[in-house]
Amino acid sequence: MITKRIIPCLDVKGDKVVKGVRFKNHQIVGSIVELAKKYSNDGADELVFYDISASSEGSLVNKDWVSQIADVINIPFCVAGGIKSLDNAKQILSLGADKISINTPALDNPKLIKELSDEFGSQCVVIGMDIQHIDGQACLFARTGSEKTAYSTGIKARDWLLQIQELGAGEVVVNAMGQDGVKKGYDIELLQSLEDVCSIPMIASGGAGGPLDFINVFEKTNVDGALAAGIFHRNESSIIDIKKSLKANQINIRI
């Protein structure tokens with residue numbers, strides 16, 4: 001039985017971790033390195049770091065804090081933010097990151113997915129999918145690091161998921177934009193709608209408000225992991241408490 005993963009997400013802007021609601025009104029919540037160390041010690045299975053301004057500003061994620069994180073944690077971590085080339089990815093991976101995640105750069109240049117997979121292995125390549133419903137269709141959005149630059153691509157989520165798998169993606173993060181930061185639970189219907197075309201690990205993102213939301217997403221969908229930010233940053237739920245709740249509900253989890 002596959003062990004489910006609990007993955008704190010740290011949105012990075014400048015040299016701080018921030019958190020907003022539906023990608024707006026970001027507030028500083030703490031130090032990148034200190035929060036990474038805390039979540040690693042608290043029992044996170046892995047961490048994800050999104051430089052939320054890099055893609056919208058055309059820059060690459062700040063390499064300084066990537067190497068600092070590698071020095072203080074002993075769990076896998078993934079980095080996203082303006083990674084547009086093999087050289088960009090090589091820099092980040094050489095500093096200690098286990099995976100790189102791309103979103104807008106993949107939409108701009110789908111061939112990049114195959115290039116990264118061929119060079120570094122599919123296990124290193126994560127594709128982020130920021131999704132909103134438009135006229136009843138689940139559609140991809142790009143450049144969501146900034147509310148001013150975000151836009152709909154018109155690409156349907158199912159179509160894009162099929163394409164990224166063919167190109168060699170090793171994992172996908174499904175982020176329900178409308179759920180982000182509102183603590184109403186993961187978008188179960190969205191995740192279920194993608195399951196039949198997904199053959200790689202899928203990570204749920206957007207909407208976690210407490211242990212019950214994690215129980216629901218693991219019981220009602222086939223996702224391999226659940227990503228959350230605000231509930232951990234605000235100390236509303238601890239990683240270990242969530243894991244104990246999952247264990248009590250016969251969900252396979254590492255404690």
# chains A, B, ... in the order shown; residues from 1 in each chain; ligands from 1
>>> select_by_dssp(residues="segment 40-162 of chain A", states="helix (DSSP H, G or I)", output="ChimeraX atom specification")
/A:40-41,54-57,63-72,86-94,104-108,111-120,122-124,157-162
>>> residues_around(residues="segment 112-119 of chain A", least_positions_apart="5", cutoff="7 Å", atoms="only C-alpha atoms", output="PyMOL selection string")
chain A and resi 85-86+106+125+167-169
>>> closest_residue(among="A:Thr221, A:Gln68, A:Ser152, A:Gln137", to="Thr104 of chain A", atoms="only C-alpha atoms")
A:Ser152
>>> select_by_dssp(residues="segment 66-233 of chain A", states="strand (DSSP E)", output="VMD selection string")
chain A and resid 77 to 80 99 to 102 125 to 134 137 to 142 151 to 156 171 to 176 202 to 205 225 to 228
>>> atom_distance(atom1="atom CA of Val18 of chain A", atom2="atom CA of Arg143 of chain A")
17.0 Å
>>> closest_residue(among="A:Phe77, A:Gly30, A:Asp87, A:Pro8", to="Gly206 of chain A", atoms="only C-alpha atoms")
A:Pro8
>>> residues_around(residues="segment 231-244 of chain A", least_positions_apart="5", cutoff="9 Å", atoms="only C-alpha atoms", output="PDB file with N, CA and C atoms, in the first residue's frame")
ATOM      1  N   ILE A   6       2.304  14.111   3.457  1.00  0.00           N
ATOM      2  CA  ILE A   6       1.863  15.436   3.908  1.00  0.00           C
ATOM      3  C   ILE A   6       2.980  16.419   3.565  1.00  0.00           C
ATOM      4  N   PRO A   8       4.037  20.371   3.452  1.00  0.00           N
ATOM      5  CA  PRO A   8       3.904  21.823   3.645  1.00  0.00           C
ATOM      6  C   PRO A   8       4.426  22.575   2.424  1.00  0.00           C
ATOM      7  N   CYS A   9       3.716  23.622   2.057  1.00  0.00           N
ATOM      8  CA  CYS A   9       4.098  24.473   0.932  1.00  0.00           C
ATOM      9  C   CYS A   9       4.526  25.829   1.460  1.00  0.00           C
ATOM     10  N   LEU A  10       5.666  26.298   1.000  1.00  0.00           N
ATOM     11  CA  LEU A  10       6.165  27.608   1.418  1.00  0.00           C
ATOM     12  C   LEU A  10       6.245  28.516   0.201  1.00  0.00           C
ATOM     13  N   LYS A  19       1.927  34.241   2.679  1.00  0.00           N
ATOM     14  CA  LYS A  19       0.687  33.489   2.422  1.00  0.00           C
ATOM     15  C   LYS A  19      -0.428  34.462   2.109  1.00  0.00           C
ATOM     16  N   VAL A  29       4.934  35.541   6.735  1.00  0.00           N
ATOM     17  CA  VAL A  29       4.674  34.618   7.840  1.00  0.00           C
ATOM     18  C   VAL A  29       5.948  34.109   8.509  1.00  0.00           C
ATOM     19  N   GLY A  30       7.111  34.339   7.909  1.00  0.00           N
ATOM     20  CA  GLY A  30       8.321  33.910   8.589  1.00  0.00           C
ATOM     21  C   GLY A  30       9.522  33.716   7.694  1.00  0.00           C
ATOM     22  N   LEU A  35      11.429  28.092   8.897  1.00  0.00           N
ATOM     23  CA  LEU A  35      10.198  27.321   8.708  1.00  0.00           C
ATOM     24  C   LEU A  35      10.494  25.960   8.074  1.00  0.00           C
ATOM     25  N   TYR A  39       9.328  22.471   9.884  1.00  0.00           N
ATOM     26  CA  TYR A  39       8.444  21.476   9.285  1.00  0.00           C
ATOM     27  C   TYR A  39       9.150  20.131   9.095  1.00  0.00           C
ATOM     28  N   ASP A  42       9.060  18.580  12.405  1.00  0.00           N
ATOM     29  CA  ASP A  42       7.691  18.251  12.809  1.00  0.00           C
ATOM     30  C   ASP A  42       7.125  17.017  12.123  1.00  0.00           C
ATOM     31  N   GLY A  43       7.854  16.449  11.163  1.00  0.00           N
ATOM     32  CA  GLY A  43       7.403  15.210  10.540  1.00  0.00           C
ATOM     33  C   GLY A  43       6.867  15.322   9.129  1.00  0.00           C
ATOM     34  N   ALA A  44       7.132  16.453   8.453  1.00  0.00           N
ATOM     35  CA  ALA A  44       6.713  16.566   7.050  1.00  0.00           C
ATOM     36  C   ALA A  44       7.406  15.486   6.221  1.00  0.00           C
ATOM     37  N   GLY A 181      -6.366  29.045   0.267  1.00  0.00           N
ATOM     38  CA  GLY A 181      -6.402  29.866   1.472  1.00  0.00           C
ATOM     39  C   GLY A 181      -7.746  30.030   2.144  1.00  0.00           C
ATOM     40  N   LYS A 183      -9.771  27.537   3.326  1.00  0.00           N
ATOM     41  CA  LYS A 183      -9.967  26.517   4.368  1.00  0.00           C
ATOM     42  C   LYS A 183     -11.324  25.816   4.280  1.00  0.00           C
ATOM     43  N   ALA A 208      -6.945  23.237   2.350  1.00  0.00           N
ATOM     44  CA  ALA A 208      -6.861  22.498   3.616  1.00  0.00           C
ATOM     45  C   ALA A 208      -7.143  23.410   4.807  1.00  0.00           C
ATOM     46  N   GLY A 209      -8.079  22.974   5.669  1.00  0.00           N
ATOM     47  CA  GLY A 209      -8.411  23.755   6.851  1.00  0.00           C
ATOM     48  C   GLY A 209      -8.258  22.997   8.154  1.00  0.00           C
ATOM     49  N   GLY A 210      -8.064  21.684   8.070  1.00  0.00           N
ATOM     50  CA  GLY A 210      -7.924  20.877   9.277  1.00  0.00           C
ATOM     51  C   GLY A 210      -7.789  19.416   8.935  1.00  0.00           C
ATOM     52  N   PRO A 211      -7.614  18.552   9.943  1.00  0.00           N
ATOM     53  CA  PRO A 211      -7.413  17.116   9.715  1.00  0.00           C
ATOM     54  C   PRO A 211      -8.484  16.462   8.865  1.00  0.00           C
ATOM     55  N   LEU A 212      -9.748  16.864   9.038  1.00  0.00           N
ATOM     56  CA  LEU A 212     -10.826  16.234   8.284  1.00  0.00           C
ATOM     57  C   LEU A 212     -10.648  16.407   6.774  1.00  0.00           C
ATOM     58  N   PHE A 214      -7.844  16.484   5.149  1.00  0.00           N
ATOM     59  CA  PHE A 214      -6.855  15.507   4.702  1.00  0.00           C
ATOM     60  C   PHE A 214      -7.478  14.107   4.647  1.00  0.00           C
ATOM     61  N   ILE A 215      -8.277  13.780   5.652  1.00  0.00           N
ATOM     62  CA  ILE A 215      -8.962  12.479   5.652  1.00  0.00           C
ATOM     63  C   ILE A 215      -9.853  12.362   4.416  1.00  0.00           C
ATOM     64  N   ASN A 249      -7.811   6.679  10.949  1.00  0.00           N
ATOM     65  CA  ASN A 249      -8.791   6.360   9.912  1.00  0.00           C
ATOM     66  C   ASN A 249      -8.256   5.354   8.891  1.00  0.00           C
ATOM     67  N   ILE A 251      -5.587   5.228   7.180  1.00  0.00           N
ATOM     68  CA  ILE A 251      -4.902   5.759   5.993  1.00  0.00           C
ATOM     69  C   ILE A 251      -3.412   5.586   6.219  1.00  0.00           C
ATOM     70  N   ILE A 253       0.216   6.187   6.444  1.00  0.00           N
ATOM     71  CA  ILE A 253       0.974   7.418   6.587  1.00  0.00           C
ATOM     72  C   ILE A 253       2.231   7.137   7.412  1.00  0.00           C
ATOM     73  N   ARG A 254       3.289   7.836   7.143  1.00  0.00           N
ATOM     74  CA  ARG A 254       4.521   7.657   7.905  1.00  0.00           C
ATOM     75  C   ARG A 254       4.481   8.554   9.156  1.00  0.00           C
ATOM     76  N   ILE A 255       4.645   7.950  10.328  1.00  0.00           N
ATOM     77  CA  ILE A 255       4.719   8.729  11.570  1.00  0.00           C
ATOM     78  C   ILE A 255       6.101   8.508  12.184  1.00  0.00           C
TER      79      ILE A 255
END
>>> residues_around(residues="Asp98 of chain A", least_positions_apart="5", cutoff="12 Å", atoms="only C-alpha atoms", output="list of chain:residue names")
A:Glu46, A:Leu47, A:Val48, A:Phe49, A:Val66, A:Ser67, A:Ile69, A:Ala70, A:Ile73, A:Asn74, A:Ile75, A:Pro76, A:Phe77, A:Cys78, A:Val79, A:Ala80, A:Ala89, A:Lys90, A:Gln91, A:Ile92, A:Leu93, A:Phe120, A:Gly121, A:Ser122, A:Gln123, A:Cys124, A:Val125, A:Val126
>>> write_last_selection(atoms="N, CA and C atoms", output="PDB file, in the first residue's frame")
ATOM      1  N   GLU A  46       7.858  15.805   2.852  1.00  0.00           N
ATOM      2  CA  GLU A  46       8.702  16.604   1.971  1.00  0.00           C
ATOM      3  C   GLU A  46       8.203  18.034   2.010  1.00  0.00           C
ATOM      4  N   LEU A  47       8.942  18.935   1.372  1.00  0.00           N
ATOM      5  CA  LEU A  47       8.569  20.348   1.338  1.00  0.00           C
ATOM      6  C   LEU A  47       8.557  20.829  -0.100  1.00  0.00           C
ATOM      7  N   VAL A  48       7.721  21.826  -0.346  1.00  0.00           N
ATOM      8  CA  VAL A  48       7.679  22.484  -1.655  1.00  0.00           C
ATOM      9  C   VAL A  48       7.861  23.977  -1.451  1.00  0.00           C
ATOM     10  N   PHE A  49       8.750  24.560  -2.249  1.00  0.00           N
ATOM     11  CA  PHE A  49       9.003  25.997  -2.185  1.00  0.00           C
ATOM     12  C   PHE A  49       8.649  26.616  -3.529  1.00  0.00           C
ATOM     13  N   VAL A  66      18.140  28.167  -1.411  1.00  0.00           N
ATOM     14  CA  VAL A  66      18.033  26.757  -1.776  1.00  0.00           C
ATOM     15  C   VAL A  66      19.152  25.955  -1.108  1.00  0.00           C
ATOM     16  N   SER A  67      20.369  26.444  -1.193  1.00  0.00           N
ATOM     17  CA  SER A  67      21.492  25.732  -0.578  1.00  0.00           C
ATOM     18  C   SER A  67      21.403  25.757   0.937  1.00  0.00           C
ATOM     19  N   ILE A  69      18.639  25.672   2.704  1.00  0.00           N
ATOM     20  CA  ILE A  69      17.635  24.663   3.082  1.00  0.00           C
ATOM     21  C   ILE A  69      18.237  23.268   3.051  1.00  0.00           C
ATOM     22  N   ALA A  70      19.001  22.981   2.007  1.00  0.00           N
ATOM     23  CA  ALA A  70      19.626  21.666   1.886  1.00  0.00           C
ATOM     24  C   ALA A  70      20.522  21.355   3.081  1.00  0.00           C
ATOM     25  N   ILE A  73      17.771  20.521   6.458  1.00  0.00           N
ATOM     26  CA  ILE A  73      16.709  19.517   6.493  1.00  0.00           C
ATOM     27  C   ILE A  73      17.211  18.194   5.926  1.00  0.00           C
ATOM     28  N   ASN A  74      16.525  17.123   6.287  1.00  0.00           N
ATOM     29  CA  ASN A  74      16.929  15.796   5.812  1.00  0.00           C
ATOM     30  C   ASN A  74      15.774  15.065   5.141  1.00  0.00           C
ATOM     31  N   ILE A  75      14.848  15.830   4.569  1.00  0.00           N
ATOM     32  CA  ILE A  75      13.744  15.255   3.810  1.00  0.00           C
ATOM     33  C   ILE A  75      13.790  15.837   2.402  1.00  0.00           C
ATOM     34  N   PRO A  76      13.149  15.187   1.430  1.00  0.00           N
ATOM     35  CA  PRO A  76      13.161  15.715   0.059  1.00  0.00           C
ATOM     36  C   PRO A  76      12.483  17.075  -0.017  1.00  0.00           C
ATOM     37  N   PHE A  77      12.965  17.914  -0.943  1.00  0.00           N
ATOM     38  CA  PHE A  77      12.267  19.172  -1.190  1.00  0.00           C
ATOM     39  C   PHE A  77      12.294  19.523  -2.668  1.00  0.00           C
ATOM     40  N   CYS A  78      11.251  20.230  -3.056  1.00  0.00           N
ATOM     41  CA  CYS A  78      11.020  20.622  -4.450  1.00  0.00           C
ATOM     42  C   CYS A  78      11.027  22.142  -4.536  1.00  0.00           C
ATOM     43  N   VAL A  79      11.581  22.664  -5.623  1.00  0.00           N
ATOM     44  CA  VAL A  79      11.694  24.113  -5.804  1.00  0.00           C
ATOM     45  C   VAL A  79      11.053  24.518  -7.122  1.00  0.00           C
ATOM     46  N   ALA A  80      10.287  25.601  -7.088  1.00  0.00           N
ATOM     47  CA  ALA A  80       9.656  26.144  -8.294  1.00  0.00           C
ATOM     48  C   ALA A  80       9.869  27.651  -8.348  1.00  0.00           C
ATOM     49  N   ALA A  89      17.500  24.405 -14.211  1.00  0.00           N
ATOM     50  CA  ALA A  89      17.186  23.237 -13.388  1.00  0.00           C
ATOM     51  C   ALA A  89      18.456  22.632 -12.795  1.00  0.00           C
ATOM     52  N   LYS A  90      19.506  22.554 -13.590  1.00  0.00           N
ATOM     53  CA  LYS A  90      20.773  21.985 -13.114  1.00  0.00           C
ATOM     54  C   LYS A  90      21.308  22.774 -11.929  1.00  0.00           C
ATOM     55  N   GLN A  91      21.187  24.106 -12.003  1.00  0.00           N
ATOM     56  CA  GLN A  91      21.652  24.942 -10.901  1.00  0.00           C
ATOM     57  C   GLN A  91      20.906  24.617  -9.607  1.00  0.00           C
ATOM     58  N   ILE A  92      19.593  24.527  -9.701  1.00  0.00           N
ATOM     59  CA  ILE A  92      18.774  24.287  -8.509  1.00  0.00           C
ATOM     60  C   ILE A  92      19.020  22.891  -7.940  1.00  0.00           C
ATOM     61  N   LEU A  93      19.079  21.885  -8.799  1.00  0.00           N
ATOM     62  CA  LEU A  93      19.303  20.523  -8.343  1.00  0.00           C
ATOM     63  C   LEU A  93      20.704  20.357  -7.756  1.00  0.00           C
ATOM     64  N   PHE A 120      17.396  14.667 -16.392  1.00  0.00           N
ATOM     65  CA  PHE A 120      17.483  14.456 -14.947  1.00  0.00           C
ATOM     66  C   PHE A 120      16.655  13.281 -14.427  1.00  0.00           C
ATOM     67  N   GLY A 121      15.800  12.709 -15.277  1.00  0.00           N
ATOM     68  CA  GLY A 121      14.908  11.639 -14.857  1.00  0.00           C
ATOM     69  C   GLY A 121      13.545  12.186 -14.498  1.00  0.00           C
ATOM     70  N   SER A 122      12.511  11.430 -14.816  1.00  0.00           N
ATOM     71  CA  SER A 122      11.148  11.911 -14.589  1.00  0.00           C
ATOM     72  C   SER A 122      10.860  12.148 -13.110  1.00  0.00           C
ATOM     73  N   GLN A 123      11.561  11.424 -12.228  1.00  0.00           N
ATOM     74  CA  GLN A 123      11.312  11.567 -10.790  1.00  0.00           C
ATOM     75  C   GLN A 123      11.652  12.962 -10.279  1.00  0.00           C
ATOM     76  N   CYS A 124      12.431  13.707 -11.051  1.00  0.00           N
ATOM     77  CA  CYS A 124      12.819  15.073 -10.655  1.00  0.00           C
ATOM     78  C   CYS A 124      11.868  16.136 -11.195  1.00  0.00           C
ATOM     79  N   VAL A 125      10.973  15.753 -12.090  1.00  0.00           N
ATOM     80  CA  VAL A 125      10.180  16.742 -12.838  1.00  0.00           C
ATOM     81  C   VAL A 125       8.731  16.753 -12.368  1.00  0.00           C
ATOM     82  N   VAL A 126       8.345  17.840 -11.713  1.00  0.00           N
ATOM     83  CA  VAL A 126       6.984  18.035 -11.215  1.00  0.00           C
ATOM     84  C   VAL A 126       6.324  19.144 -12.030  1.00  0.00           C
TER      85      VAL A 126
END
>>> residues_around(residues="Pro105 of chain A", least_positions_apart="5", cutoff="8 Å", atoms="only C-alpha atoms", output="PDB file with N, CA and C atoms, in the first residue's frame")
ATOM      1  N   SER A  55       8.279  33.731 -11.903  1.00  0.00           N
ATOM      2  CA  SER A  55       7.750  33.595 -13.266  1.00  0.00           C
ATOM      3  C   SER A  55       7.163  34.897 -13.781  1.00  0.00           C
ATOM      4  N   GLY A  82      10.388  30.256 -12.032  1.00  0.00           N
ATOM      5  CA  GLY A  82      11.141  30.786 -13.163  1.00  0.00           C
ATOM      6  C   GLY A  82      12.139  29.837 -13.772  1.00  0.00           C
ATOM      7  N   ILE A  83      11.966  28.528 -13.576  1.00  0.00           N
ATOM      8  CA  ILE A  83      12.898  27.547 -14.149  1.00  0.00           C
ATOM      9  C   ILE A  83      12.496  27.315 -15.601  1.00  0.00           C
ATOM     10  N   LYS A  84      13.291  27.851 -16.522  1.00  0.00           N
ATOM     11  CA  LYS A  84      12.912  27.856 -17.933  1.00  0.00           C
ATOM     12  C   LYS A  84      13.841  27.045 -18.830  1.00  0.00           C
ATOM     13  N   PRO A 110       6.224  23.429 -23.914  1.00  0.00           N
ATOM     14  CA  PRO A 110       5.987  22.052 -23.466  1.00  0.00           C
ATOM     15  C   PRO A 110       7.179  21.123 -23.664  1.00  0.00           C
ATOM     16  N   LEU A 112      10.079  21.569 -22.962  1.00  0.00           N
ATOM     17  CA  LEU A 112      10.970  21.657 -21.802  1.00  0.00           C
ATOM     18  C   LEU A 112      10.760  20.468 -20.860  1.00  0.00           C
TER      19      LEU A 112
END
>>> residues_around(residues="Glu171 of chain A", least_positions_apart="5", cutoff="10 Å", atoms="only C-alpha atoms", output="ChimeraX atom specification")
/A:99,101,122-128,164-165,198-203,224
>>> write_last_selection(atoms="N, CA and C atoms", output="PDB file, in the first residue's frame")
ATOM      1  N   LYS A  99      13.775  17.862  -6.413  1.00  0.00           N
ATOM      2  CA  LYS A  99      12.884  17.984  -7.558  1.00  0.00           C
ATOM      3  C   LYS A  99      12.795  19.449  -7.956  1.00  0.00           C
ATOM      4  N   SER A 101       9.949  22.055  -9.986  1.00  0.00           N
ATOM      5  CA  SER A 101       8.564  22.125 -10.450  1.00  0.00           C
ATOM      6  C   SER A 101       8.425  23.278 -11.429  1.00  0.00           C
ATOM      7  N   SER A 122      12.511  11.430 -14.816  1.00  0.00           N
ATOM      8  CA  SER A 122      11.148  11.911 -14.589  1.00  0.00           C
ATOM      9  C   SER A 122      10.860  12.148 -13.110  1.00  0.00           C
ATOM     10  N   GLN A 123      11.561  11.424 -12.228  1.00  0.00           N
ATOM     11  CA  GLN A 123      11.312  11.567 -10.790  1.00  0.00           C
ATOM     12  C   GLN A 123      11.652  12.962 -10.279  1.00  0.00           C
ATOM     13  N   CYS A 124      12.431  13.707 -11.051  1.00  0.00           N
ATOM     14  CA  CYS A 124      12.819  15.073 -10.655  1.00  0.00           C
ATOM     15  C   CYS A 124      11.868  16.136 -11.195  1.00  0.00           C
ATOM     16  N   VAL A 125      10.973  15.753 -12.090  1.00  0.00           N
ATOM     17  CA  VAL A 125      10.180  16.742 -12.838  1.00  0.00           C
ATOM     18  C   VAL A 125       8.731  16.753 -12.368  1.00  0.00           C
ATOM     19  N   VAL A 126       8.345  17.840 -11.713  1.00  0.00           N
ATOM     20  CA  VAL A 126       6.984  18.035 -11.215  1.00  0.00           C
ATOM     21  C   VAL A 126       6.324  19.144 -12.030  1.00  0.00           C
ATOM     22  N   ILE A 127       5.094  18.915 -12.411  1.00  0.00           N
ATOM     23  CA  ILE A 127       4.344  19.944 -13.145  1.00  0.00           C
ATOM     24  C   ILE A 127       3.237  20.486 -12.253  1.00  0.00           C
ATOM     25  N   GLY A 128       3.240  21.792 -12.071  1.00  0.00           N
ATOM     26  CA  GLY A 128       2.172  22.444 -11.335  1.00  0.00           C
ATOM     27  C   GLY A 128       1.046  22.833 -12.274  1.00  0.00           C
ATOM     28  N   ILE A 164       1.365  16.300 -20.511  1.00  0.00           N
ATOM     29  CA  ILE A 164       2.583  16.344 -19.694  1.00  0.00           C
ATOM     30  C   ILE A 164       3.082  14.939 -19.358  1.00  0.00           C
ATOM     31  N   GLN A 165       2.167  13.986 -19.242  1.00  0.00           N
ATOM     32  CA  GLN A 165       2.583  12.610 -18.986  1.00  0.00           C
ATOM     33  C   GLN A 165       3.308  12.027 -20.191  1.00  0.00           C
ATOM     34  N   CYS A 198      -4.843  10.027 -15.175  1.00  0.00           N
ATOM     35  CA  CYS A 198      -3.575  10.282 -14.499  1.00  0.00           C
ATOM     36  C   CYS A 198      -2.886   8.971 -14.125  1.00  0.00           C
ATOM     37  N   SER A 199      -1.663   8.774 -14.627  1.00  0.00           N
ATOM     38  CA  SER A 199      -0.902   7.567 -14.322  1.00  0.00           C
ATOM     39  C   SER A 199       0.372   7.871 -13.535  1.00  0.00           C
ATOM     40  N   ILE A 200       0.533   9.119 -13.088  1.00  0.00           N
ATOM     41  CA  ILE A 200       1.684   9.514 -12.284  1.00  0.00           C
ATOM     42  C   ILE A 200       1.177  10.002 -10.928  1.00  0.00           C
ATOM     43  N   PRO A 201       2.041  10.089  -9.924  1.00  0.00           N
ATOM     44  CA  PRO A 201       1.594  10.592  -8.625  1.00  0.00           C
ATOM     45  C   PRO A 201       0.941  11.970  -8.740  1.00  0.00           C
ATOM     46  N   MET A 202      -0.205  12.112  -8.078  1.00  0.00           N
ATOM     47  CA  MET A 202      -0.938  13.376  -8.074  1.00  0.00           C
ATOM     48  C   MET A 202      -0.969  13.936  -6.648  1.00  0.00           C
ATOM     49  N   ILE A 203      -0.693  15.233  -6.534  1.00  0.00           N
ATOM     50  CA  ILE A 203      -0.696  15.905  -5.247  1.00  0.00           C
ATOM     51  C   ILE A 203      -1.835  16.924  -5.230  1.00  0.00           C
ATOM     52  N   ASP A 224      -1.701  10.955  -4.094  1.00  0.00           N
ATOM     53  CA  ASP A 224      -0.576  10.381  -3.353  1.00  0.00           C
ATOM     54  C   ASP A 224      -0.131  11.279  -2.207  1.00  0.00           C
TER      55      ASP A 224
END
>>> residues_around(residues="Val223 of chain A", least_positions_apart="3", cutoff="9 Å", atoms="only C-alpha atoms", output="list in words")
Lys4, Leu191, Glu195, Pro201, Met202, Ile203, Ala204, Val217, Phe218, Lys220 and Ala226 of chain A
>>> closest_residue(among="A:Trp160, A:Gly96, A:Val197, A:Gly178", to="Ile134 of chain A", atoms="only C-alpha atoms")
A:Gly178
>>> atom_distance(atom1="atom CA of Asn216 of chain A", atom2="atom CA of Asp135 of chain A")
26.4 Å
>>> closest_residue(among="A:Leu95, A:Ile131, A:Ala138, A:Ala36", to="Ala229 of chain A", atoms="only C-alpha atoms")
A:Ala36
